[in-house]
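Enquirer: The structure is given below, and queries will be raised subsequently.
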Amino acid sequence: MTTIALTPTQHAILAYAIEHSGGKIDWFPEHIKGGARQKVLDGLANRALITTDGNNWFVTAEGYDALGLPRPGAKTPNAGSFEARLDQIIANAQATTTAAGDPELEAAVTAAEATWTHQKDDDAPRRTRAHSKQAQVIAMLQRPEGATLRQIMDSTGWQAHTVRGTLAGALKKKLGLTIVSERSPGGERVYRLA
């Protein structure tokens, strides 16, 4: 008898269906939702471990065999409770490799993990393009004499509210720059990087 390699998720779904609902697939682990549920079902169905009666999925005799459990209606001595068989189910799951399992499910998991790494990149400090207007403003603020609101407006072509928004939002909040301002003797406020 050849052992069918199942993923831990496939094991859990089949074992739960056999023990709790007479073989009917009506439960999924919390992290399996939407399209992932359909992929798990398709993977099990393609390997003839489950079958459908139109609306519901049921574990087949091959599904029982994959878990190492007796088929329904088979003449076997009483195997005991589900808890007594749980160690065997876990041992079967650990003996198989997930790489030999459902390739579609493995691809879905890999794609999900790839999005997690992209989310981490979003937390990284942001950088500016070398020749952008934002870079011009930063260069002006880095000068020893700093820059006035009027100078930044003339250089970028922005209106006053856009310059103030850039200073407060893009430079202070997003880039984390420290901007100080002081009123010059001529009466205009001068902004510079600290």
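Order determines the names: the first chain of the structure tokens is A, the second B, and so forth; residues in each chain are numbered 1 upward, and ligands are numbered 1 upward as they are shown.
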Within 10 Å of A:Met140, counting only C-alpha atoms, which residues show up once you throw out same-chain ones fewer than 6 positions away? Write them as a list in words, please.
Expert: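 That gives Gln134, Gly146, Ala147, Thr148, Gln151, Ile152, Ser155, Tyr191, Arg192 and Leu193 of chain A.
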Enquirer: Give me the residues within 12 Å of A:Leu167 as a ChimeraX atom specification, counting only C-alpha atoms and dropping any in the same chain fewer than 2 places off.
Expert: /A:134-135,137-138,140-141,147-149,152,160-165,169-181,191-193
Enquirer: Using only C-alpha atoms, which protein or nucleic acid residues come within 9 Å of A:Glu188? Drop anything in the same chain fewer than 3 positions from it, and give the result as a list in words.
Expert: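 The residues satisfying every condition are Thr148, Leu149, Arg150, Glu182, Arg183, Ser184 and Pro185 of chain A.
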Enquirer: For the selection you just gave me, I'd like the residues written to a file as a short mmCIF file (atom, residue, chain, number, x, y, z; two decimals), in the first residue's frame, keeping N, CA and C atoms.
Expert:
```cif
data_model
loop_
_atom_site.label_atom_id
_atom_site.label_comp_id
_atom_site.auth_asym_id
_atom_site.auth_seq_id
_atom_site.Cartn_x
_atom_site.Cartn_y
_atom_site.Cartn_z
N THR A 148 13.15 80.43 2.51
CA THR A 148 11.87 81.02 2.92
C THR A 148 10.75 80.34 2.14
N LEU A 149 9.55 80.57 2.57
CA LEU A 149 8.38 80.02 1.89
C LEU A 149 8.35 80.53 0.45
N ARG A 150 8.61 81.82 0.25
CA ARG A 150 8.60 82.44 -1.09
C ARG A 150 9.67 81.81 -1.98
N GLU A 182 12.56 79.78 11.91
CA GLU A 182 12.77 80.97 12.74
C GLU A 182 12.50 82.18 11.87
N ARG A 183 12.04 83.21 12.52
CA ARG A 183 11.74 84.43 11.79
C ARG A 183 13.02 85.24 11.63
N SER A 184 13.30 85.63 10.39
CA SER A 184 14.51 86.41 10.11
C SER A 184 14.28 87.88 10.47
N PRO A 185 15.34 88.65 10.57
CA PRO A 185 15.18 90.07 10.90
C PRO A 185 14.32 90.81 9.88
#
```
Enquirer: Nearest to A:Lys33 among A:Pro103, A:His20, A:Ala108, A:Ala15, with distances taken over only C-alpha atoms: which residue is it?
Expert: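 Of A:Pro103, A:His20, A:Ala108, A:Ala15, the one nearest A:Lys33, counting only C-alpha atoms, is A:Ala108.
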Enquirer: So the first atom is atom CA of A:Thr60 and the second is atom CA of A:Thr110; what is the distance between them in Å, to one decimal place?
Expert: 28.7 Å
Enquirer: Please list as a ChimeraX atom specification every residue within 12 Å of A:Glu30, counting only C-alpha atoms and excluding residues in the same chain fewer than 6 positions away.
Expert: /A:9,12-13,36-37
Enquirer: Generate the output file for the selected residues, N, CA and C atoms, as a PDB file, in the first residue's frame.
Expert:
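That gives us result-v5.pdb:
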```pdb
ATOM      1  N   THR A   9      -2.829  20.755   6.501  1.00  0.00           N
ATOM      2  CA  THR A   9      -4.181  21.303   6.328  1.00  0.00           C
ATOM      3  C   THR A   9      -5.120  20.240   5.772  1.00  0.00           C
ATOM      4  N   ALA A  12      -5.933  17.787   8.506  1.00  0.00           N
ATOM      5  CA  ALA A  12      -6.872  18.328   9.489  1.00  0.00           C
ATOM      6  C   ALA A  12      -8.291  18.329   8.947  1.00  0.00           C
ATOM      7  N   ILE A  13      -8.476  18.732   7.692  1.00  0.00           N
ATOM      8  CA  ILE A  13      -9.821  18.799   7.107  1.00  0.00           C
ATOM      9  C   ILE A  13     -10.421  17.411   6.999  1.00  0.00           C
ATOM     10  N   ALA A  36      -8.500  29.908  -1.266  1.00  0.00           N
ATOM     11  CA  ALA A  36      -7.649  28.851  -0.701  1.00  0.00           C
ATOM     12  C   ALA A  36      -8.490  27.619  -0.368  1.00  0.00           C
ATOM     13  N   ARG A  37      -9.725  27.833   0.096  1.00  0.00           N
ATOM     14  CA  ARG A  37     -10.607  26.679   0.368  1.00  0.00           C
ATOM     15  C   ARG A  37     -10.851  25.888  -0.900  1.00  0.00           C
TER      16      ARG A  37
END
```
Enquirer: Mind giving me the straight-line distance from atom CA of A:Lys24 to atom CA of A:Val59 in Å, one decimal?
Expert: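 Interatomic distance, atom CA of A:Lys24 to atom CA of A:Val59: 6.5 Å.
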Enquirer: Record the distance separating atom CA of A:Asp65 and atom CA of A:Gly34, expressed in Å with one decimal.
Expert: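 That distance, rounded to one decimal, is 27.7 Å.
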Enquirer: So that I can check the surroundings of A:Asp26, please list as an MDAnalysis selection string every protein, DNA and RNA residue that reaches within 10 Å of it, counting only C-alpha atoms and ignoring chain neighbours fewer than 5 positions away.
Expert: chainID A and resid 13:14 16:17 20:21 56:58
Enquirer: For the selection just defined, write its residues with C-alpha atoms to a file, as a PDB file, in the first residue's frame.
Expert:
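Output saved as again_32.pdb:
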```
ATOM      1  CA  ILE A  13      -9.821  18.799   7.107  1.00  0.00           C
ATOM      2  CA  LEU A  14     -10.180  15.086   6.356  1.00  0.00           C
ATOM      3  CA  TYR A  16     -12.275  16.566  11.232  1.00  0.00           C
ATOM      4  CA  ALA A  17     -14.811  15.517   8.590  1.00  0.00           C
ATOM      5  CA  HIS A  20     -17.254  15.120  13.508  1.00  0.00           C
ATOM      6  CA  SER A  21     -19.572  15.030  10.507  1.00  0.00           C
ATOM      7  CA  ASN A  56     -21.536  18.815  -0.448  1.00  0.00           C
ATOM      8  CA  TRP A  57     -18.103  17.217  -0.359  1.00  0.00           C
ATOM      9  CA  PHE A  58     -17.514  13.853   1.338  1.00  0.00           C
TER      10      PHE A  58
END
```
